[in-house]
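> File query.txt below, compact mmCIF, C-alpha atoms:
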```
# COMPACT_ATOMS: atom_id res chain seq x y z
CA MET Z 1 1.17 9.96 14.69
CA ASN Z 2 1.12 12.03 11.53
CA GLY Z 3 -1.59 14.63 11.57
CA VAL Z 4 -3.93 13.69 8.74
CA SER Z 5 -3.71 17.24 7.47
CA ARG Z 6 0.06 17.22 7.02
CA LYS Z 7 1.03 16.93 3.38
CA ILE Z 8 3.71 14.48 2.36
CA ILE Z 9 6.74 15.47 0.30
CA ALA Z 10 8.92 12.76 -1.22
CA VAL Z 11 12.43 13.90 -2.13
CA ASP Z 12 14.82 12.22 -4.56
CA MET Z 13 18.51 11.82 -3.66
CA ASP Z 14 20.86 12.11 -6.67
CA GLU Z 15 20.99 15.64 -8.16
CA VAL Z 16 18.42 16.82 -5.61
CA ILE Z 17 20.02 16.45 -2.19
CA ALA Z 18 23.26 14.72 -3.29
CA ASP Z 19 25.52 16.17 -5.97
CA ALA Z 20 26.32 12.97 -7.84
CA LEU Z 21 26.88 14.72 -11.17
CA SER Z 22 29.86 16.76 -9.94
CA GLU Z 23 31.55 13.62 -8.69
CA HIS Z 24 30.82 11.86 -11.99
CA LEU Z 25 32.33 14.75 -13.96
CA HIS Z 26 35.32 14.91 -11.65
CA ARG Z 27 36.12 11.22 -12.11
CA TYR Z 28 35.34 11.22 -15.82
CA ASN Z 29 37.54 14.23 -16.61
CA ARG Z 30 40.34 12.81 -14.47
CA ASP Z 31 40.28 9.42 -16.20
CA PHE Z 32 39.74 10.57 -19.79
CA GLY Z 33 41.67 13.85 -19.78
CA THR Z 34 38.54 15.78 -20.76
CA LYS Z 35 37.07 19.04 -19.48
CA VAL Z 36 33.35 18.32 -19.58
CA THR Z 37 31.36 20.77 -17.50
CA THR Z 38 27.70 20.96 -16.55
CA LYS Z 39 27.23 23.52 -19.34
CA ASP Z 40 28.08 20.87 -21.95
CA LEU Z 41 25.27 18.77 -20.58
CA HIS Z 42 22.37 21.16 -21.11
CA GLY Z 43 19.56 18.91 -22.25
CA LYS Z 44 21.67 15.74 -22.08
CA TRP Z 45 22.29 13.06 -19.50
CA LEU Z 46 26.01 12.41 -19.02
CA TRP Z 47 25.36 8.80 -20.15
CA ASP Z 48 24.17 10.06 -23.53
CA TYR Z 49 26.89 12.71 -23.85
CA VAL Z 50 29.93 10.44 -23.51
CA PRO Z 51 31.01 8.03 -26.27
CA ALA Z 52 29.38 4.61 -25.99
CA ASP Z 53 32.65 2.94 -25.02
CA HIS Z 54 33.00 5.26 -22.00
CA GLN Z 55 29.64 4.39 -20.51
CA ASN Z 56 31.00 1.39 -18.68
CA ALA Z 57 33.44 3.65 -16.83
CA LEU Z 58 30.55 5.80 -15.62
CA MET Z 59 28.79 2.73 -14.32
CA GLN Z 60 31.96 1.60 -12.55
CA TYR Z 61 32.13 4.94 -10.70
CA MET Z 62 28.67 4.36 -9.28
CA LEU Z 63 29.49 0.79 -8.35
CA SER Z 64 32.60 1.78 -6.44
CA GLU Z 65 32.14 1.59 -2.70
CA ASP Z 66 33.37 5.15 -2.07
CA PHE Z 67 31.26 6.93 -4.72
CA PHE Z 68 28.30 7.90 -2.56
CA SER Z 69 30.36 8.65 0.50
CA CYS Z 70 32.17 11.38 -1.48
CA LEU Z 71 29.09 13.27 -2.58
CA GLU Z 72 28.55 16.85 -1.54
CA VAL Z 73 25.19 17.87 -0.13
CA MET Z 74 23.30 20.21 -2.48
CA PRO Z 75 23.40 23.81 -1.19
CA HIS Z 76 20.75 24.63 1.44
CA ALA Z 77 19.21 21.12 1.26
CA GLN Z 78 19.82 20.37 4.92
CA ARG Z 79 18.53 23.65 6.30
CA VAL Z 80 15.45 23.73 4.05
CA LEU Z 81 14.53 20.07 4.62
CA ALA Z 82 14.84 20.47 8.37
CA LYS Z 83 12.50 23.47 8.14
CA LEU Z 84 10.08 21.66 5.81
CA GLN Z 85 9.91 18.82 8.30
CA THR Z 86 8.20 21.08 10.83
CA ARG Z 87 5.20 21.44 8.51
CA TYR Z 88 5.31 18.43 6.16
CA ASP Z 89 6.04 14.73 6.40
CA ILE Z 90 9.28 14.26 4.50
CA PHE Z 91 10.33 10.98 2.89
CA ILE Z 92 13.56 10.45 1.00
CA ALA Z 93 12.87 8.27 -2.04
CA SER Z 94 15.78 7.03 -4.12
CA ALA Z 95 15.59 4.79 -7.18
CA ALA Z 96 18.32 2.71 -5.57
CA MET Z 97 17.11 -0.57 -7.13
CA GLU Z 98 18.85 0.57 -10.32
CA VAL Z 99 22.21 0.27 -8.53
CA PRO Z 100 21.75 -2.33 -5.78
CA SER Z 101 25.40 -2.07 -4.78
CA SER Z 102 24.61 1.47 -3.61
CA PHE Z 103 22.16 0.51 -0.83
CA ASN Z 104 24.59 0.61 2.05
CA ALA Z 105 26.53 3.66 0.89
CA LYS Z 106 23.31 5.61 0.31
CA TYR Z 107 21.96 4.63 3.70
CA ARG Z 108 25.19 5.73 5.42
CA TRP Z 109 25.28 9.00 3.45
CA LEU Z 110 21.75 9.83 4.59
CA ALA Z 111 22.54 8.93 8.20
CA GLU Z 112 25.58 11.21 8.06
CA HIS Z 113 24.09 14.24 6.32
CA PHE Z 114 20.36 14.00 7.06
CA SER Z 115 20.30 12.40 10.47
CA PHE Z 116 17.16 14.38 11.31
CA ILE Z 117 15.19 12.27 8.84
CA PRO Z 118 14.35 8.93 10.50
CA SER Z 119 15.24 5.78 8.57
CA SER Z 120 11.55 4.83 8.70
CA ARG Z 121 11.08 7.64 6.18
CA VAL Z 122 13.68 6.43 3.72
CA VAL Z 123 12.53 4.51 0.65
CA PHE Z 124 14.72 2.63 -1.82
CA CYS Z 125 12.54 1.83 -4.79
CA GLY Z 126 12.52 1.45 -8.54
CA ASP Z 127 9.42 2.82 -10.17
CA LYS Z 128 8.18 5.86 -8.18
CA SER Z 129 4.55 5.25 -9.11
CA ILE Z 130 4.52 3.29 -5.83
CA LEU Z 131 4.94 6.43 -3.70
CA GLN Z 132 1.91 7.70 -1.81
CA ALA Z 133 2.84 11.35 -1.40
CA ASP Z 134 1.41 14.73 -2.29
CA TYR Z 135 4.60 15.97 -3.95
CA LEU Z 136 7.73 14.45 -5.41
CA ILE Z 137 10.79 16.65 -5.88
CA ASP Z 138 12.91 14.89 -8.49
CA ASP Z 139 15.21 15.71 -11.41
CA ASN Z 140 14.12 12.72 -13.49
CA PRO Z 141 11.20 13.39 -15.86
CA ARG Z 142 10.47 9.67 -16.22
CA GLN Z 143 9.93 9.32 -12.47
CA LEU Z 144 7.90 12.53 -12.30
CA ARG Z 145 5.59 11.17 -15.01
CA LEU Z 146 5.16 7.86 -13.18
CA PHE Z 147 4.41 9.57 -9.85
CA ARG Z 148 0.70 9.97 -9.06
CA GLY Z 149 0.89 13.13 -6.96
CA GLU Z 150 2.22 16.51 -8.07
CA GLY Z 151 5.70 16.27 -9.54
CA ILE Z 152 8.12 19.16 -8.94
CA MET Z 153 11.09 19.18 -11.27
CA PHE Z 154 14.39 20.00 -9.60
CA THR Z 155 16.59 21.52 -12.28
CA SER Z 156 19.62 19.55 -13.38
CA PRO Z 157 21.57 20.11 -16.61
CA ALA Z 158 19.87 17.19 -18.35
CA ASN Z 159 16.31 18.33 -17.68
CA VAL Z 160 16.54 22.07 -18.50
CA PHE Z 161 14.40 21.75 -21.64
CA VAL Z 162 11.73 19.49 -20.14
CA THR Z 163 8.34 21.14 -19.69
CA GLY Z 164 5.08 20.11 -18.07
CA PHE Z 165 6.10 20.35 -14.42
CA LYS Z 166 6.44 23.08 -11.84
CA ARG Z 167 10.15 23.71 -11.60
CA VAL Z 168 12.54 24.61 -8.79
CA ASN Z 169 16.12 25.59 -9.59
CA ASP Z 170 17.55 25.04 -6.14
CA TRP Z 171 16.60 24.58 -2.49
CA LEU Z 172 15.92 28.28 -2.05
CA ASP Z 173 13.17 27.85 -4.66
CA VAL Z 174 11.83 24.85 -2.72
CA GLU Z 175 11.79 26.96 0.42
CA LYS Z 176 9.78 29.66 -1.36
CA MET Z 177 7.36 27.19 -2.89
CA PHE Z 178 6.51 25.33 0.30
CA LEU Z 179 7.17 27.75 3.12
CA GLU Z 180 6.18 31.23 1.95
CA MET E 181 2.81 1.10 -19.45
CA ASN E 182 0.54 -0.08 -16.67
CA GLY E 183 -3.07 -0.05 -17.66
CA VAL E 184 -4.77 2.46 -15.39
CA SER E 185 -7.39 -0.13 -14.52
CA ARG E 186 -4.91 -2.65 -13.10
CA LYS E 187 -5.00 -2.71 -9.34
CA ILE E 188 -1.77 -2.67 -7.40
CA ILE E 189 -0.92 -5.23 -4.73
CA ALA E 190 2.02 -4.61 -2.42
CA VAL E 191 3.39 -7.74 -0.76
CA ASP E 192 5.53 -7.91 2.36
CA MET E 193 8.55 -10.25 2.51
CA ASP E 194 9.17 -11.74 5.98
CA GLU E 195 6.44 -14.21 7.07
CA VAL E 196 4.55 -13.57 3.82
CA ILE E 197 6.79 -14.78 1.01
CA ALA E 198 9.89 -15.64 3.09
CA ASP E 199 9.73 -17.95 6.09
CA ALA E 200 11.98 -15.99 8.43
CA LEU E 201 10.29 -17.27 11.59
CA SER E 202 11.25 -20.92 10.96
CA GLU E 203 14.87 -19.94 10.55
CA HIS E 204 14.72 -17.81 13.70
CA LEU E 205 13.25 -20.71 15.68
CA HIS E 206 15.78 -23.15 14.23
CA ARG E 207 18.73 -20.97 15.28
CA TYR E 208 17.23 -20.05 18.63
CA ASN E 209 16.46 -23.63 19.63
CA ARG E 210 19.90 -24.75 18.46
CA ASP E 211 21.74 -22.09 20.47
CA PHE E 212 19.64 -22.16 23.66
CA GLY E 213 18.71 -25.87 23.80
CA THR E 214 15.00 -25.00 23.71
CA LYS E 215 12.09 -26.47 21.76
CA VAL E 216 10.05 -23.40 20.98
CA THR E 217 7.55 -24.03 18.20
CA THR E 218 5.18 -21.75 16.31
CA LYS E 219 2.38 -23.00 18.60
CA ASP E 220 4.09 -21.37 21.60
CA LEU E 221 3.97 -18.08 19.77
CA HIS E 222 0.23 -17.76 19.28
CA GLY E 223 -0.44 -14.10 19.89
CA LYS E 224 3.20 -13.27 20.60
CA TRP E 225 6.14 -12.03 18.56
CA LEU E 226 9.24 -14.16 19.14
CA TRP E 227 10.98 -11.01 20.42
CA ASP E 228 8.43 -10.72 23.22
CA TYR E 229 8.38 -14.46 23.97
CA VAL E 230 12.10 -14.95 24.67
CA PRO E 231 13.76 -13.65 27.85
CA ALA E 232 15.06 -10.10 27.51
CA ASP E 233 18.68 -11.25 27.61
CA HIS E 234 18.11 -13.48 24.58
CA GLN E 235 16.82 -10.71 22.36
CA ASN E 236 20.26 -9.67 21.27
CA ALA E 237 20.86 -13.17 19.91
CA LEU E 238 17.74 -12.88 17.76
CA MET E 239 18.98 -9.59 16.37
CA GLN E 240 22.37 -11.15 15.61
CA TYR E 241 20.68 -13.87 13.54
CA MET E 242 19.10 -11.23 11.34
CA LEU E 243 22.35 -9.31 11.04
CA SER E 244 24.28 -12.36 9.91
CA GLU E 245 25.07 -12.32 6.21
CA ASP E 246 23.63 -15.79 5.57
CA PHE E 247 20.31 -15.34 7.37
CA PHE E 248 18.17 -14.24 4.43
CA SER E 249 19.86 -16.52 1.94
CA CYS E 250 18.70 -19.52 4.03
CA LEU E 251 15.03 -18.64 4.07
CA GLU E 252 12.48 -20.97 2.55
CA VAL E 253 9.85 -19.56 0.23
CA MET E 254 6.36 -19.70 1.72
CA PRO E 255 4.28 -22.49 0.15
CA HIS E 256 2.62 -21.55 -3.15
CA ALA E 257 3.93 -17.96 -3.00
CA GLN E 258 5.82 -18.22 -6.29
CA ARG E 259 3.04 -19.82 -8.30
CA VAL E 260 0.31 -17.55 -6.96
CA LEU E 261 2.33 -14.34 -7.34
CA ALA E 262 3.24 -15.25 -10.92
CA LYS E 263 -0.45 -15.78 -11.61
CA LEU E 264 -1.47 -12.57 -9.82
CA GLN E 265 1.01 -10.67 -11.94
CA THR E 266 -1.04 -11.40 -15.06
CA ARG E 267 -3.93 -9.36 -13.66
CA TYR E 268 -2.40 -7.02 -11.06
CA ASP E 269 0.69 -4.87 -10.71
CA ILE E 270 2.73 -6.54 -7.98
CA PHE E 271 5.27 -4.73 -5.82
CA ILE E 272 7.34 -6.37 -3.10
CA ALA E 273 7.56 -4.00 -0.13
CA SER E 274 9.85 -4.88 2.74
CA ALA E 275 10.46 -2.82 5.89
CA ALA E 276 14.17 -3.35 5.25
CA MET E 277 15.18 0.00 6.79
CA GLU E 278 14.76 -1.68 10.19
CA VAL E 279 17.71 -3.95 9.37
CA PRO E 280 19.90 -2.06 6.88
CA SER E 281 22.46 -4.86 6.84
CA SER E 282 19.80 -6.99 5.13
CA PHE E 283 19.52 -4.90 1.94
CA ASN E 284 21.85 -6.96 -0.21
CA ALA E 285 20.78 -10.35 1.10
CA LYS E 286 17.10 -9.50 0.60
CA TYR E 287 17.74 -8.22 -2.90
CA ARG E 288 19.62 -11.41 -3.81
CA TRP E 289 16.94 -13.62 -2.25
CA LEU E 290 14.27 -11.93 -4.35
CA ALA E 291 16.35 -12.21 -7.52
CA GLU E 292 16.82 -15.91 -6.82
CA HIS E 293 13.28 -16.88 -5.87
CA PHE E 294 11.09 -14.23 -7.52
CA SER E 295 13.05 -13.40 -10.64
CA PHE E 296 9.77 -12.77 -12.48
CA ILE E 297 9.24 -9.63 -10.39
CA PRO E 298 11.39 -6.83 -11.86
CA SER E 299 13.64 -4.96 -9.44
CA SER E 300 11.82 -1.76 -10.44
CA ARG E 301 8.93 -3.19 -8.42
CA VAL E 302 10.88 -3.84 -5.25
CA VAL E 303 10.62 -1.34 -2.40
CA PHE E 304 12.75 -1.23 0.74
CA CYS E 305 11.04 1.15 3.11
CA GLY E 306 10.32 1.84 6.74
CA ASP E 307 6.83 3.15 7.35
CA LYS E 308 4.42 1.61 4.79
CA SER E 309 2.14 4.65 4.80
CA ILE E 310 4.31 5.74 1.86
CA LEU E 311 3.01 2.95 -0.41
CA GLN E 312 0.58 3.91 -3.15
CA ALA E 313 -1.19 0.59 -3.68
CA ASP E 314 -4.72 -0.76 -3.56
CA TYR E 315 -3.84 -3.67 -1.28
CA LEU E 316 -1.04 -4.56 1.11
CA ILE E 317 -0.59 -8.19 2.12
CA ASP E 318 1.38 -8.10 5.35
CA ASP E 319 1.61 -9.96 8.67
CA ASN E 320 2.37 -6.84 10.70
CA PRO E 321 -0.68 -5.07 12.14
CA ARG E 322 1.29 -1.86 12.69
CA GLN E 323 2.14 -1.62 8.99
CA LEU E 324 -1.40 -2.57 7.96
CA ARG E 325 -2.74 0.28 10.10
CA LEU E 326 -0.30 2.78 8.59
CA PHE E 327 -1.10 1.69 5.02
CA ARG E 328 -3.68 3.87 3.24
CA GLY E 329 -5.17 1.23 0.94
CA GLU E 330 -6.88 -2.00 2.00
CA GLY E 331 -4.75 -4.04 4.35
CA ILE E 332 -4.92 -7.84 4.08
CA MET E 333 -3.53 -9.66 7.10
CA PHE E 334 -1.41 -12.68 6.27
CA THR E 335 -1.65 -15.00 9.25
CA SER E 336 1.47 -15.54 11.31
CA PRO E 337 1.56 -16.95 14.86
CA ALA E 338 1.95 -13.49 16.40
CA ASN E 339 -1.07 -11.94 14.70
CA VAL E 340 -3.69 -14.69 15.15
CA PHE E 341 -5.75 -12.67 17.64
CA VAL E 342 -5.61 -9.38 15.74
CA THR E 343 -8.92 -8.29 14.26
CA GLY E 344 -10.01 -5.49 11.97
CA PHE E 345 -8.54 -6.73 8.70
CA LYS E 346 -9.52 -9.22 6.02
CA ARG E 347 -7.35 -12.24 6.69
CA VAL E 348 -5.62 -14.83 4.53
CA ASN E 349 -4.06 -17.89 6.13
CA ASP E 350 -1.81 -18.85 3.23
CA TRP E 351 -1.19 -18.26 -0.47
CA LEU E 352 -4.08 -20.50 -1.45
CA ASP E 353 -6.34 -18.03 0.37
CA VAL E 354 -4.69 -15.17 -1.52
CA GLU E 355 -5.35 -16.99 -4.78
CA LYS E 356 -9.03 -17.37 -3.87
CA MET E 357 -9.38 -13.74 -2.77
CA PHE E 358 -7.85 -12.16 -5.84
CA LEU E 359 -8.32 -14.66 -8.63
CA GLU E 360 -11.68 -16.36 -8.15
```
When written as structure tokens, how does the structure in this file appear?

Amino acid sequence: MNGVSRKIIAVDMDEVIADALSEHLHRYNRDFGTKVTTKDLHGKWLWDYVPADHQNALMQYMLSEDFFSCLEVMPHAQRVLAKLQTRYDIFIASAAMEVPSSFNAKYRWLAEHFSFIPSSRVVFCGDKSILQADYLIDDNPRQLRLFRGEGIMFTSPANVFVTGFKRVNDWLDVEKMFLE
Amino acid sequence: MNGVSRKIIAVDMDEVIADALSEHLHRYNRDFGTKVTTKDLHGKWLWDYVPADHQNALMQYMLSEDFFSCLEVMPHAQRVLAKLQTRYDIFIASAAMEVPSSFNAKYRWLAEHFSFIPSSRVVFCGDKSILQADYLIDDNPRQLRLFRGEGIMFTSPANVFVTGFKRVNDWLDVEKMFLE
């Protein structure tokens, strides 16, 4: 049983524990002969940065079966989450309904890289207003606004200019915020 | 935007909007030459009723790609949910993490039979303590106990002797409870 006093932290996947953006940039630059870097994306989502007729290619990357299996784990995410789990109830909450073809790949990726988080604590949802948690660590301002607990913005290039939330730049910041 | 005053109802899938038990019984009786009916299951989950060496067969039914696509919609579920949606925010919340191979089939089944519920309001989870909702309509007492809002027990053969929750026997009862 969960102790009633344990706080609950919900944690997003893409750009928070899984580095989807690097894989997107890698595939995009390879296919279009460009050299887009994360610096070009300050304040912009990749979807808004690329020409309209390239957006379909971005979507195709996400729909490809091997996209999620390729993703690198964000630095320190495993160690810090394992440590957080000793004091908090951790749920992984991904807006997977936006890309239903990703369900299986996301589930396998979590089982491979975060096997210490039981599948009973994995949530594939759409609108994160449905999450009953004390904190949500997410890079998406729209989801943080919908969430009813305290939203913690995990820095990604697109959200650097967004204000109104406590911010963490990486997992070392998360460690400081919740464990010191 | 959701009006802040709209209450949220989370609704389970299996045995609440999808008649999984009938399909289980149909396949079980076909394969084992038995005549098990829902009456035999009063107070028992099918998994506990069948001999231990038949349990694997039950699991295989659920793992088969066509299992969820076959399921009948529970009587009146579509009409009543569509009506509820005019006054409440409805989320479908399935403990799909228990059978990860069911993600795609469940998603397709919902899109086919409950297309009026946007995918942003579909949740595949494990432990339903994570749901932020006012009500959860579910047949599973374990999930109703974990849930932090008001649990409403939807009668299924296995749960008929369970007490401690408001109970609805069918979707006409749900209609009365929430709309009259």
> Write out as a compact mmCIF listing (two decimals) with C-alpha atoms, keeping the file's coordinate frame every residue belonging to chain Z that has an atom at most 7 Å from any atom of chain E, counting all atoms listed in the file.

```txt
# COMPACT_ATOMS: atom_id res chain seq x y z
CA MET Z 97 17.11 -0.57 -7.13
CA PHE Z 103 22.16 0.51 -0.83
CA SER Z 119 15.24 5.78 8.57
CA SER Z 120 11.55 4.83 8.70
CA ARG Z 121 11.08 7.64 6.18
CA VAL Z 122 13.68 6.43 3.72
CA VAL Z 123 12.53 4.51 0.65
CA PHE Z 124 14.72 2.63 -1.82
CA CYS Z 125 12.54 1.83 -4.79
CA GLY Z 126 12.52 1.45 -8.54
CA ASP Z 127 9.42 2.82 -10.17
CA ILE Z 130 4.52 3.29 -5.83
CA LEU Z 131 4.94 6.43 -3.70
CA GLN Z 132 1.91 7.70 -1.81
CA ALA Z 133 2.84 11.35 -1.40
```
> Using 12 Å as the limit and counting all atoms listed in the file, can you tabulate each residue of segment 305-343 of chain E that touches segment 209-233 of chain E, with its shortest atom-to-atom distance in Å and the two atoms involved, as a Markdown table?

```
| residue | atom | partner | partner_atom | distance |
| --- | --- | --- | --- | --- |
| E:Asp319 | CA | E:Trp225 | CA | 11.1 |
| E:Asn320 | CA | E:Trp225 | CA | 10.1 |
| E:Pro321 | CA | E:Trp225 | CA | 11.7 |
| E:Thr335 | CA | E:His222 | CA | 10.6 |
| E:Ser336 | CA | E:His222 | CA | 8.4 |
| E:Pro337 | CA | E:His222 | CA | 4.7 |
| E:Ala338 | CA | E:Gly223 | CA | 4.3 |
| E:Asn339 | CA | E:Gly223 | CA | 5.7 |
| E:Val340 | CA | E:Gly223 | CA | 5.8 |
| E:Phe341 | CA | E:Gly223 | CA | 5.9 |
| E:Val342 | CA | E:Gly223 | CA | 8.1 |
| E:Thr343 | CA | E:Gly223 | CA | 11.7 |
```
> Place a sphere of radius 7 Å on (21.3, 19.0, -1.3) in the file coordinates and name every protein, DNA or RNA residue with an atom inside or on its surface, counting all atoms listed in the file; give the answer as a list in words.
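Collected hits near the coordinates: Val16, Ile17, Ala18, Asp19, Val73, Met74, Pro75, His76, Ala77 and Gln78 of chain Z.
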> In Å, how far is it from atom CA of Met242 of chain E to atom CA of Val191 of chain E?
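Value for the atom CA of Met242 of chain E-atom CA of Val191 of chain E distance: 20.1 Å.
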> What separation in Å, quoted to one decimal, exists between atom CA of Ile152 of chain Z and atom CA of Ser5 of chain Z?
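Pair atom CA of Ile152 of chain Z / atom CA of Ser5 of chain Z returns 20.3 Å.
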> Take atom CA of Leu324 of chain E and atom CA of Glu195 of chain E and report the distance between them in Å, one decimal.
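Distance reported for this atom pair: 14.1 Å.
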> Please enclose the listed atoms of segment 25-42 of chain Z in an axis-aligned box, pad each side by 8 Å, and write out the centre and the three edge lengths in Å, rounded to one decimal, as AutoDock Vina command-line options.

```
--center_x 32.0 --center_y 16.5 --center_z -16.8 --size_x 35.3 --size_y 30.1 --size_z 26.3
```
> Here is a test: counting all atoms listed in the file, which residue of Z:Leu58, Z:Leu71, Z:Ile117, Z:Ile9 is nearest to Ser22 of chain Z?
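Using all atoms listed in the file, the shortest distance to Ser22 of chain Z belongs to Z:Leu71.
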> Which of these residues is nearest to Ser249 of chain E, using all atoms listed in the file: E:Met333, E:Leu359, E:Ala200, E:Val348?
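When distances to Ser249 of chain E are compared using all atoms listed in the file, the smallest one comes from E:Ala200.
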> Check the smallest atom-to-atom distance from each of E:Arg347, E:Arg186, E:Met239, E:Ser295 to Val279 of chain E using only C-alpha atoms, then report the winner.
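Result for the nearest residue to Val279 of chain E: E:Met239.
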> Residues near Trp289 of chain E, anyone? I mean within 7 Å using all atoms listed in the file, not counting same-chain ones fewer than 4 positions away, as an MDAnalysis selection string.
chainID E and resid 248:249 285 293
